[in-house]
Amino acid sequence: MKFDAIPPGVYPEPLYPPYKSTAKRGPTQAALRLAARAPVAAGIVAAPRILPHDMDLTAHGAGEPLGEKIVVSGRVVDEDGRPVRDSLLEVWQCNAAGRYRHKRDQHDAPLDPNFNGWGKMMTDADGRYRFITIKPGPYPWGNHDKAWRPAHIHFSLFGNVYAQRLVTQMYFPSDPLFDYDPIFQSIADPAARQRLISRFSLEHTVGDQMLGYEFDIILRGRDATPTGI
């Protein structure tokens with residue numbers, strides 16, 4: 001895909017005034033395109049270590065975490081629908097009360113001793129992934145008056161080398177906070193925003209234990225999943 005063929009509105013602008021912190025960290029000059037040298041594509045891969053509970057974020061504590069247990073699954077494909085195999089996915093999120101296990105999160109909400117909020121997995125031969133977690137809660141973030149983030153899960157995807165990395169967010173259907181969230185709204189194309197919203201899946205729901213959600217990630221092309229958010 002050519003650099004100038006990226007559909008407009010799919011990716012957020014580096015400077016988006018409603019999202020106030022972009023004024024401090026966004027670039028103020030045009031990007032420069034550099035030709036990658038051969039070493040970028042070789043010698044950087046390391047076999048990731050996937051531990052038994054990395055794909056089950058609810059199994060990191062001494063007991064069950066609080067909140068609604070869910071299972072998230074999907075496929076990672078390229079612009080032609082071909083599976084992206086053996087790709088490392090990392091996920092992180094807040095707990096059911098809307099708080100991250102991080103020293104910078106001082107939101108007045110309880111931490112859950114049985115929930116860390118991070119995991120990792122590999123895509124299989126069909127580009128599929130699956131993990132179990134707790135549905136995250138919304139949380140205030142101080143961007144503007146009554147600023148609350150919709151419930152979301154962060155995704156990080158690695159390509160053939162660690163220098164190839166994309167970051168995106170997965171949201172949940174029918175969240176009333178979508179219209180008020182400048183991070184979600186920084187994606188100008190309404191159709192592209194919809195590709196950040198997972199789909200409820202009765203097929204992937206596990207009995208009376210957890211509801212299922214599907215979230216496919218498309219790399220590049222007209223139907224690309226927005227990244228860089």
# chains A, B, ... in the order shown; residues from 1 in each chain; ligands from 1
call {"tool": "residues_around", "arguments": {"residues": "Leu219 (chain A)", "least_positions_apart": "2", "cutoff": "7 Å", "atoms": "only C-alpha atoms", "output": "NGL selection string"}}
result
:A and (77-79 or 217 or 221 or 224-225)
call {"tool": "write_last_selection", "arguments": {"atoms": "N, CA and C atoms", "output": "PDB file, in the first residue's frame"}}
result
ATOM      1  N   VAL A  77      -5.894  -9.726  10.498  1.00  0.00           N
ATOM      2  CA  VAL A  77      -5.706 -10.001   9.077  1.00  0.00           C
ATOM      3  C   VAL A  77      -5.083  -8.789   8.395  1.00  0.00           C
ATOM      4  N   ASP A  78      -4.555  -9.013   7.191  1.00  0.00           N
ATOM      5  CA  ASP A  78      -4.009  -7.896   6.421  1.00  0.00           C
ATOM      6  C   ASP A  78      -5.104  -7.296   5.540  1.00  0.00           C
ATOM      7  N   GLU A  79      -4.725  -6.367   4.680  1.00  0.00           N
ATOM      8  CA  GLU A  79      -5.723  -5.655   3.877  1.00  0.00           C
ATOM      9  C   GLU A  79      -6.442  -6.548   2.882  1.00  0.00           C
ATOM     10  N   ILE A 217      -9.085  -7.239  13.874  1.00  0.00           N
ATOM     11  CA  ILE A 217      -8.147  -6.157  13.603  1.00  0.00           C
ATOM     12  C   ILE A 217      -7.638  -6.300  12.178  1.00  0.00           C
ATOM     13  N   GLY A 221      -5.071  -0.683   4.501  1.00  0.00           N
ATOM     14  CA  GLY A 221      -6.148  -0.747   3.531  1.00  0.00           C
ATOM     15  C   GLY A 221      -7.339   0.130   3.874  1.00  0.00           C
ATOM     16  N   ALA A 224      -9.047  -0.565   7.273  1.00  0.00           N
ATOM     17  CA  ALA A 224      -8.107  -0.726   8.375  1.00  0.00           C
ATOM     18  C   ALA A 224      -8.710  -0.330   9.715  1.00  0.00           C
ATOM     19  N   THR A 225      -8.321  -1.054  10.753  1.00  0.00           N
ATOM     20  CA  THR A 225      -8.665  -0.680  12.108  1.00  0.00           C
ATOM     21  C   THR A 225      -7.821   0.531  12.514  1.00  0.00           C
TER      22      THR A 225
END
call {"tool": "residues_around", "arguments": {"residues": "Asp179 (chain A)", "least_positions_apart": "3", "cutoff": "12 Å", "atoms": "only C-alpha atoms", "output": "MDAnalysis selection string"}}
result
chainID A and resid 147:150 174:176 182:187 190 193
call {"tool": "closest_residue", "arguments": {"among": "A:His204, A:Ala109, A:Asp80, A:Asp189", "to": "Pro226 (chain A)", "atoms": "only C-alpha atoms"}}
result
A:Asp189
call {"tool": "closest_residue", "arguments": {"among": "A:Glu68, A:Glu214, A:Glu13, A:Asp105", "to": "Arg128 (chain A)", "atoms": "only C-alpha atoms"}}
result
A:Glu214
call {"tool": "closest_residue", "arguments": {"among": "A:Gly26, A:Pro14, A:Gly207, A:Gly81", "to": "Arg220 (chain A)", "atoms": "only C-alpha atoms"}}
result
A:Gly81
call {"tool": "closest_residue", "arguments": {"among": "A:Val76, A:Val84, A:Leu111, A:Val71", "to": "Ser201 (chain A)", "atoms": "only C-alpha atoms"}}
result
A:Val71
call {"tool": "closest_residue", "arguments": {"among": "A:Phe172, A:Tyr213, A:Tyr180, A:Phe158", "to": "Thr123 (chain A)", "atoms": "only C-alpha atoms"}}
result
A:Phe158
call {"tool": "residues_around", "arguments": {"residues": "region 91-98 of chain A", "least_positions_apart": "5", "cutoff": "6 Å", "atoms": "only C-alpha atoms", "output": "PyMOL selection string"}}
result
chain A and resi 67+117-119+136-139+153-155
call {"tool": "write_last_selection", "arguments": {"atoms": "all heavy atoms", "output": "mmCIF file, in the first residue's frame"}}
result
data_model
loop_
_atom_site.group_PDB
_atom_site.id
_atom_site.type_symbol
_atom_site.label_atom_id
_atom_site.label_comp_id
_atom_site.auth_asym_id
_atom_site.auth_seq_id
_atom_site.Cartn_x
_atom_site.Cartn_y
_atom_site.Cartn_z
ATOM 1 N N GLY A 67 -16.316 -8.182 39.196
ATOM 2 C CA GLY A 67 -16.775 -7.652 37.919
ATOM 3 C C GLY A 67 -17.355 -8.709 37.008
ATOM 4 O O GLY A 67 -17.450 -9.890 37.351
ATOM 5 N N GLY A 117 -4.695 -6.674 35.253
ATOM 6 C CA GLY A 117 -5.134 -5.922 34.089
ATOM 7 C C GLY A 117 -4.218 -5.974 32.889
ATOM 8 O O GLY A 117 -4.266 -5.085 32.048
ATOM 9 N N TRP A 118 -3.378 -7.007 32.771
ATOM 10 C CA TRP A 118 -2.555 -7.134 31.578
ATOM 11 C C TRP A 118 -2.371 -8.604 31.211
ATOM 12 O O TRP A 118 -2.455 -9.497 32.045
ATOM 13 C CB TRP A 118 -1.196 -6.461 31.740
ATOM 14 C CG TRP A 118 -0.395 -6.936 32.928
ATOM 15 C CD1 TRP A 118 0.337 -8.092 33.028
ATOM 16 C CD2 TRP A 118 -0.253 -6.262 34.193
ATOM 17 N NE1 TRP A 118 0.927 -8.175 34.266
ATOM 18 C CE2 TRP A 118 0.591 -7.067 34.997
ATOM 19 C CE3 TRP A 118 -0.741 -5.060 34.707
ATOM 20 C CZ2 TRP A 118 0.944 -6.712 36.301
ATOM 21 C CZ3 TRP A 118 -0.391 -4.712 36.003
ATOM 22 C CH2 TRP A 118 0.442 -5.521 36.783
ATOM 23 N N GLY A 119 -2.138 -8.838 29.914
ATOM 24 C CA GLY A 119 -1.931 -10.195 29.425
ATOM 25 C C GLY A 119 -1.310 -10.169 28.045
ATOM 26 O O GLY A 119 -1.127 -9.107 27.440
ATOM 27 N N PRO A 136 -13.949 -3.897 31.674
ATOM 28 C CA PRO A 136 -13.442 -2.708 32.379
ATOM 29 C C PRO A 136 -14.547 -1.684 32.605
ATOM 30 O O PRO A 136 -15.538 -1.636 31.866
ATOM 31 C CB PRO A 136 -12.379 -2.170 31.420
ATOM 32 C CG PRO A 136 -12.822 -2.641 30.076
ATOM 33 C CD PRO A 136 -13.468 -3.974 30.285
ATOM 34 N N GLY A 137 -14.362 -0.857 33.617
ATOM 35 C CA GLY A 137 -15.312 0.214 33.893
ATOM 36 C C GLY A 137 -14.870 1.529 33.276
ATOM 37 O O GLY A 137 -13.707 1.702 32.935
ATOM 38 N N PRO A 138 -15.780 2.482 33.121
ATOM 39 C CA PRO A 138 -15.389 3.836 32.701
ATOM 40 C C PRO A 138 -14.652 4.543 33.823
ATOM 41 O O PRO A 138 -14.732 4.117 34.986
ATOM 42 C CB PRO A 138 -16.737 4.497 32.395
ATOM 43 C CG PRO A 138 -17.703 3.788 33.286
ATOM 44 C CD PRO A 138 -17.218 2.368 33.391
ATOM 45 N N TYR A 139 -13.924 5.603 33.487
ATOM 46 C CA TYR A 139 -13.211 6.335 34.532
ATOM 47 C C TYR A 139 -13.038 7.792 34.128
ATOM 48 O O TYR A 139 -12.968 8.120 32.942
ATOM 49 C CB TYR A 139 -11.852 5.693 34.829
ATOM 50 C CG TYR A 139 -10.921 5.592 33.642
ATOM 51 C CD1 TYR A 139 -10.119 6.659 33.249
ATOM 52 C CD2 TYR A 139 -10.836 4.409 32.925
ATOM 53 C CE1 TYR A 139 -9.252 6.558 32.174
ATOM 54 C CE2 TYR A 139 -9.976 4.287 31.840
ATOM 55 C CZ TYR A 139 -9.186 5.369 31.467
ATOM 56 O OH TYR A 139 -8.341 5.274 30.397
ATOM 57 N N ILE A 153 -10.388 -1.621 26.128
ATOM 58 C CA ILE A 153 -9.206 -2.454 26.346
ATOM 59 C C ILE A 153 -8.141 -2.021 25.341
ATOM 60 O O ILE A 153 -8.430 -1.854 24.152
ATOM 61 C CB ILE A 153 -9.529 -3.953 26.166
ATOM 62 C CG1 ILE A 153 -10.580 -4.403 27.203
ATOM 63 C CG2 ILE A 153 -8.267 -4.801 26.300
ATOM 64 C CD1 ILE A 153 -11.038 -5.838 27.025
ATOM 65 N N HIS A 154 -6.923 -1.818 25.803
ATOM 66 C CA HIS A 154 -5.816 -1.445 24.929
ATOM 67 C C HIS A 154 -5.198 -2.693 24.292
ATOM 68 O O HIS A 154 -5.007 -3.712 24.965
ATOM 69 C CB HIS A 154 -4.729 -0.710 25.721
ATOM 70 C CG HIS A 154 -5.193 0.563 26.348
ATOM 71 N ND1 HIS A 154 -5.071 1.786 25.725
ATOM 72 C CD2 HIS A 154 -5.772 0.815 27.555
ATOM 73 C CE1 HIS A 154 -5.562 2.733 26.512
ATOM 74 N NE2 HIS A 154 -5.992 2.164 27.625
ATOM 75 N N PHE A 155 -4.869 -2.595 23.012
ATOM 76 C CA PHE A 155 -4.214 -3.672 22.270
ATOM 77 C C PHE A 155 -2.895 -3.163 21.714
ATOM 78 O O PHE A 155 -2.822 -2.067 21.163
ATOM 79 C CB PHE A 155 -5.078 -4.130 21.092
ATOM 80 C CG PHE A 155 -6.181 -5.092 21.430
ATOM 81 C CD1 PHE A 155 -7.267 -4.679 22.187
ATOM 82 C CD2 PHE A 155 -6.139 -6.405 20.985
ATOM 83 C CE1 PHE A 155 -8.295 -5.556 22.493
ATOM 84 C CE2 PHE A 155 -7.167 -7.286 21.288
ATOM 85 C CZ PHE A 155 -8.242 -6.867 22.038
#
call {"tool": "atom_distance", "arguments": {"atom1": "CA of His152 (chain A)", "atom2": "CA of Met170 (chain A)"}}
result
5.4 Å
call {"tool": "atom_distance", "arguments": {"atom1": "CA of Glu64 (chain A)", "atom2": "CA of Leu88 (chain A)"}}
result
26.2 Å
call {"tool": "closest_residue", "arguments": {"among": "A:His53, A:Lys69, A:Arg75, A:Lys103", "to": "Val206 (chain A)", "atoms": "only C-alpha atoms"}}
result
A:Lys69
call {"tool": "residues_around", "arguments": {"residues": "Glu90 (chain A)", "least_positions_apart": "6", "cutoff": "12 Å", "atoms": "only C-alpha atoms", "output": "short mmCIF file (atom, residue, chain, number, x, y, z; two decimals) with all heavy atoms, in the first residue's frame"}}
result
data_model
loop_
_atom_site.label_atom_id
_atom_site.label_comp_id
_atom_site.auth_asym_id
_atom_site.auth_seq_id
_atom_site.Cartn_x
_atom_site.Cartn_y
_atom_site.Cartn_z
N PRO A 48 8.71 -14.71 22.14
CA PRO A 48 8.05 -14.25 23.36
C PRO A 48 7.73 -15.42 24.28
O PRO A 48 7.43 -16.52 23.82
CB PRO A 48 6.78 -13.58 22.84
CG PRO A 48 6.52 -14.24 21.53
CD PRO A 48 7.86 -14.56 20.95
N ARG A 49 7.79 -15.17 25.56
CA ARG A 49 7.49 -16.21 26.54
C ARG A 49 6.04 -16.03 26.99
O ARG A 49 5.70 -15.03 27.63
CB ARG A 49 8.44 -16.11 27.73
CG ARG A 49 8.24 -17.22 28.76
CD ARG A 49 9.15 -17.01 29.96
NE ARG A 49 9.00 -18.08 30.94
CZ ARG A 49 9.53 -18.06 32.16
NH1 ARG A 49 10.25 -17.00 32.53
NH2 ARG A 49 9.34 -19.04 33.00
N ILE A 50 5.18 -16.96 26.63
CA ILE A 50 3.77 -16.92 27.01
C ILE A 50 3.57 -17.87 28.18
O ILE A 50 3.77 -19.08 28.06
CB ILE A 50 2.86 -17.32 25.83
CG1 ILE A 50 3.16 -16.47 24.59
CG2 ILE A 50 1.40 -17.20 26.24
CD1 ILE A 50 2.90 -15.00 24.77
N ASP A 54 -1.27 -16.09 30.98
CA ASP A 54 -1.20 -14.82 30.25
C ASP A 54 -2.45 -14.54 29.44
O ASP A 54 -2.78 -13.38 29.18
CB ASP A 54 0.02 -14.82 29.32
CG ASP A 54 1.33 -14.56 30.06
OD1 ASP A 54 1.26 -14.10 31.22
OD2 ASP A 54 2.40 -14.83 29.50
N MET A 55 -3.15 -15.58 29.01
CA MET A 55 -4.37 -15.42 28.22
C MET A 55 -5.63 -15.41 29.07
O MET A 55 -6.74 -15.36 28.54
CB MET A 55 -4.45 -16.51 27.15
CG MET A 55 -3.36 -16.40 26.09
SD MET A 55 -3.37 -17.76 24.91
CE MET A 55 -2.66 -19.06 25.91
N LEU A 57 -6.74 -13.13 32.19
CA LEU A 57 -6.44 -12.03 33.10
C LEU A 57 -7.15 -12.18 34.43
O LEU A 57 -6.87 -11.43 35.36
CB LEU A 57 -6.80 -10.69 32.46
CG LEU A 57 -5.83 -10.11 31.41
CD1 LEU A 57 -5.78 -10.97 30.15
CD2 LEU A 57 -6.20 -8.69 31.05
N GLY A 117 -4.69 -6.67 35.25
CA GLY A 117 -5.13 -5.92 34.09
C GLY A 117 -4.22 -5.97 32.89
O GLY A 117 -4.27 -5.08 32.05
N TRP A 118 -3.38 -7.01 32.77
CA TRP A 118 -2.55 -7.13 31.58
C TRP A 118 -2.37 -8.60 31.21
O TRP A 118 -2.46 -9.50 32.04
CB TRP A 118 -1.20 -6.46 31.74
CG TRP A 118 -0.40 -6.94 32.93
CD1 TRP A 118 0.34 -8.09 33.03
CD2 TRP A 118 -0.25 -6.26 34.19
NE1 TRP A 118 0.93 -8.18 34.27
CE2 TRP A 118 0.59 -7.07 35.00
CE3 TRP A 118 -0.74 -5.06 34.71
CZ2 TRP A 118 0.94 -6.71 36.30
CZ3 TRP A 118 -0.39 -4.71 36.00
CH2 TRP A 118 0.44 -5.52 36.78
N GLY A 119 -2.14 -8.84 29.91
CA GLY A 119 -1.93 -10.19 29.42
C GLY A 119 -1.31 -10.17 28.05
O GLY A 119 -1.13 -9.11 27.44
N LYS A 120 -0.99 -11.34 27.52
CA LYS A 120 -0.42 -11.43 26.17
C LYS A 120 -0.72 -12.80 25.58
O LYS A 120 -1.00 -13.77 26.30
CB LYS A 120 1.08 -11.14 26.18
CG LYS A 120 1.95 -12.07 26.99
CD LYS A 120 3.40 -11.63 26.90
CE LYS A 120 4.34 -12.54 27.67
NZ LYS A 120 4.22 -12.34 29.14
N MET A 121 -0.65 -12.85 24.25
CA MET A 121 -0.96 -14.08 23.54
C MET A 121 -0.38 -14.00 22.14
O MET A 121 0.05 -12.94 21.69
CB MET A 121 -2.48 -14.30 23.48
CG MET A 121 -3.21 -13.27 22.63
SD MET A 121 -4.72 -12.62 23.36
CE MET A 121 -4.09 -11.57 24.68
N MET A 122 -0.42 -15.13 21.41
CA MET A 122 0.02 -15.18 20.03
C MET A 122 -1.18 -15.51 19.14
O MET A 122 -2.08 -16.25 19.53
CB MET A 122 1.09 -16.26 19.84
CG MET A 122 2.34 -16.09 20.68
SD MET A 122 3.35 -14.68 20.19
CE MET A 122 3.88 -15.19 18.56
N THR A 123 -1.19 -14.96 17.91
CA THR A 123 -2.20 -15.37 16.96
C THR A 123 -1.83 -16.75 16.41
O THR A 123 -0.65 -17.10 16.30
CB THR A 123 -2.31 -14.37 15.79
OG1 THR A 123 -1.03 -14.23 15.17
CG2 THR A 123 -2.79 -13.02 16.28
N TYR A 129 -7.01 -15.04 17.93
CA TYR A 129 -6.56 -14.89 19.31
C TYR A 129 -7.77 -15.02 20.22
O TYR A 129 -8.92 -14.92 19.79
CB TYR A 129 -5.88 -13.54 19.53
CG TYR A 129 -6.86 -12.37 19.49
CD1 TYR A 129 -7.50 -11.94 20.65
CD2 TYR A 129 -7.18 -11.74 18.29
CE1 TYR A 129 -8.43 -10.90 20.61
CE2 TYR A 129 -8.10 -10.70 18.25
CZ TYR A 129 -8.72 -10.30 19.41
OH TYR A 129 -9.64 -9.28 19.39
N ARG A 130 -7.53 -15.23 21.50
CA ARG A 130 -8.62 -15.35 22.49
C ARG A 130 -8.05 -15.11 23.87
O ARG A 130 -6.97 -15.60 24.19
CB ARG A 130 -9.25 -16.74 22.42
CG ARG A 130 -10.42 -16.99 23.39
CD ARG A 130 -10.91 -18.42 23.23
NE ARG A 130 -12.09 -18.72 24.04
CZ ARG A 130 -12.08 -19.13 25.31
NH1 ARG A 130 -10.90 -19.29 25.92
NH2 ARG A 130 -13.20 -19.38 25.97
N PHE A 131 -8.77 -14.34 24.69
CA PHE A 131 -8.37 -14.18 26.09
C PHE A 131 -9.60 -13.94 26.95
O PHE A 131 -10.66 -13.54 26.47
CB PHE A 131 -7.35 -13.05 26.26
CG PHE A 131 -7.85 -11.67 25.94
CD1 PHE A 131 -8.33 -10.83 26.94
CD2 PHE A 131 -7.81 -11.18 24.64
CE1 PHE A 131 -8.77 -9.55 26.66
CE2 PHE A 131 -8.25 -9.90 24.34
CZ PHE A 131 -8.74 -9.08 25.35
N ILE A 153 -10.39 -1.62 26.13
CA ILE A 153 -9.21 -2.45 26.35
C ILE A 153 -8.14 -2.02 25.34
O ILE A 153 -8.43 -1.85 24.15
CB ILE A 153 -9.53 -3.95 26.17
CG1 ILE A 153 -10.58 -4.40 27.20
CG2 ILE A 153 -8.27 -4.80 26.30
CD1 ILE A 153 -11.04 -5.84 27.03
N HIS A 154 -6.92 -1.82 25.80
CA HIS A 154 -5.82 -1.44 24.93
C HIS A 154 -5.20 -2.69 24.29
O HIS A 154 -5.01 -3.71 24.97
CB HIS A 154 -4.73 -0.71 25.72
CG HIS A 154 -5.19 0.56 26.35
ND1 HIS A 154 -5.07 1.79 25.73
CD2 HIS A 154 -5.77 0.81 27.56
CE1 HIS A 154 -5.56 2.73 26.51
NE2 HIS A 154 -5.99 2.16 27.62
N PHE A 155 -4.87 -2.60 23.01
CA PHE A 155 -4.21 -3.67 22.27
C PHE A 155 -2.89 -3.16 21.71
O PHE A 155 -2.82 -2.07 21.16
CB PHE A 155 -5.08 -4.13 21.09
CG PHE A 155 -6.18 -5.09 21.43
CD1 PHE A 155 -7.27 -4.68 22.19
CD2 PHE A 155 -6.14 -6.41 20.98
CE1 PHE A 155 -8.29 -5.56 22.49
CE2 PHE A 155 -7.17 -7.29 21.29
CZ PHE A 155 -8.24 -6.87 22.04
N SER A 156 -1.86 -3.97 21.83
CA SER A 156 -0.58 -3.71 21.18
C SER A 156 -0.27 -4.93 20.31
O SER A 156 -0.33 -6.06 20.78
CB SER A 156 0.52 -3.50 22.22
OG SER A 156 1.80 -3.50 21.61
N LEU A 157 0.03 -4.69 19.03
CA LEU A 157 0.32 -5.76 18.09
C LEU A 157 1.74 -5.61 17.57
O LEU A 157 2.15 -4.52 17.17
CB LEU A 157 -0.64 -5.74 16.90
CG LEU A 157 -2.12 -5.93 17.18
CD1 LEU A 157 -2.80 -4.59 17.45
CD2 LEU A 157 -2.80 -6.60 15.99
N PHE A 158 2.48 -6.72 17.57
CA PHE A 158 3.82 -6.73 17.03
C PHE A 158 3.85 -7.53 15.74
O PHE A 158 3.17 -8.55 15.61
CB PHE A 158 4.81 -7.36 18.03
CG PHE A 158 5.07 -6.50 19.23
CD1 PHE A 158 4.30 -6.64 20.38
CD2 PHE A 158 6.08 -5.54 19.22
CE1 PHE A 158 4.53 -5.84 21.49
CE2 PHE A 158 6.31 -4.74 20.33
CZ PHE A 158 5.53 -4.89 21.47
N ARG A 165 5.22 -2.23 15.41
CA ARG A 165 4.26 -2.25 16.50
C ARG A 165 3.11 -1.29 16.22
O ARG A 165 3.34 -0.16 15.77
CB ARG A 165 4.92 -1.87 17.83
CG ARG A 165 4.00 -2.02 19.03
CD ARG A 165 4.59 -1.38 20.26
NE ARG A 165 3.76 -1.60 21.45
CZ ARG A 165 3.74 -0.81 22.52
NH1 ARG A 165 4.53 0.27 22.55
NH2 ARG A 165 2.97 -1.08 23.55
N LEU A 166 1.89 -1.74 16.47
CA LEU A 166 0.70 -0.92 16.35
C LEU A 166 -0.06 -0.97 17.67
O LEU A 166 -0.10 -2.01 18.33
CB LEU A 166 -0.20 -1.41 15.21
CG LEU A 166 0.36 -1.35 13.79
CD1 LEU A 166 -0.62 -1.98 12.81
CD2 LEU A 166 0.66 0.09 13.39
N VAL A 167 -0.68 0.14 18.04
CA VAL A 167 -1.46 0.22 19.28
C VAL A 167 -2.85 0.72 18.94
O VAL A 167 -3.01 1.67 18.17
CB VAL A 167 -0.78 1.15 20.31
CG1 VAL A 167 -1.64 1.29 21.56
CG2 VAL A 167 0.60 0.61 20.69
N THR A 168 -3.87 0.09 19.50
CA THR A 168 -5.24 0.52 19.29
C THR A 168 -6.07 0.25 20.54
O THR A 168 -5.54 -0.23 21.55
CB THR A 168 -5.85 -0.17 18.04
OG1 THR A 168 -7.09 0.43 17.72
CG2 THR A 168 -6.04 -1.66 18.28
N GLN A 169 -7.35 0.56 20.47
CA GLN A 169 -8.25 0.35 21.60
C GLN A 169 -9.52 -0.34 21.12
O GLN A 169 -10.01 -0.06 20.03
CB GLN A 169 -8.61 1.67 22.28
CG GLN A 169 -7.43 2.40 22.87
CD GLN A 169 -7.82 3.70 23.56
OE1 GLN A 169 -8.96 3.90 23.94
NE2 GLN A 169 -6.86 4.59 23.70
#
call {"tool": "residues_around", "arguments": {"residues": "Phe115 (chain A)", "least_positions_apart": "2", "cutoff": "8 Å", "atoms": "only C-alpha atoms", "output": "list in words"}}
result
Leu57, Thr58, Ala59, His60, Gly61, Pro65, Asn95, Asp112, Pro113 and Gly117 of chain A
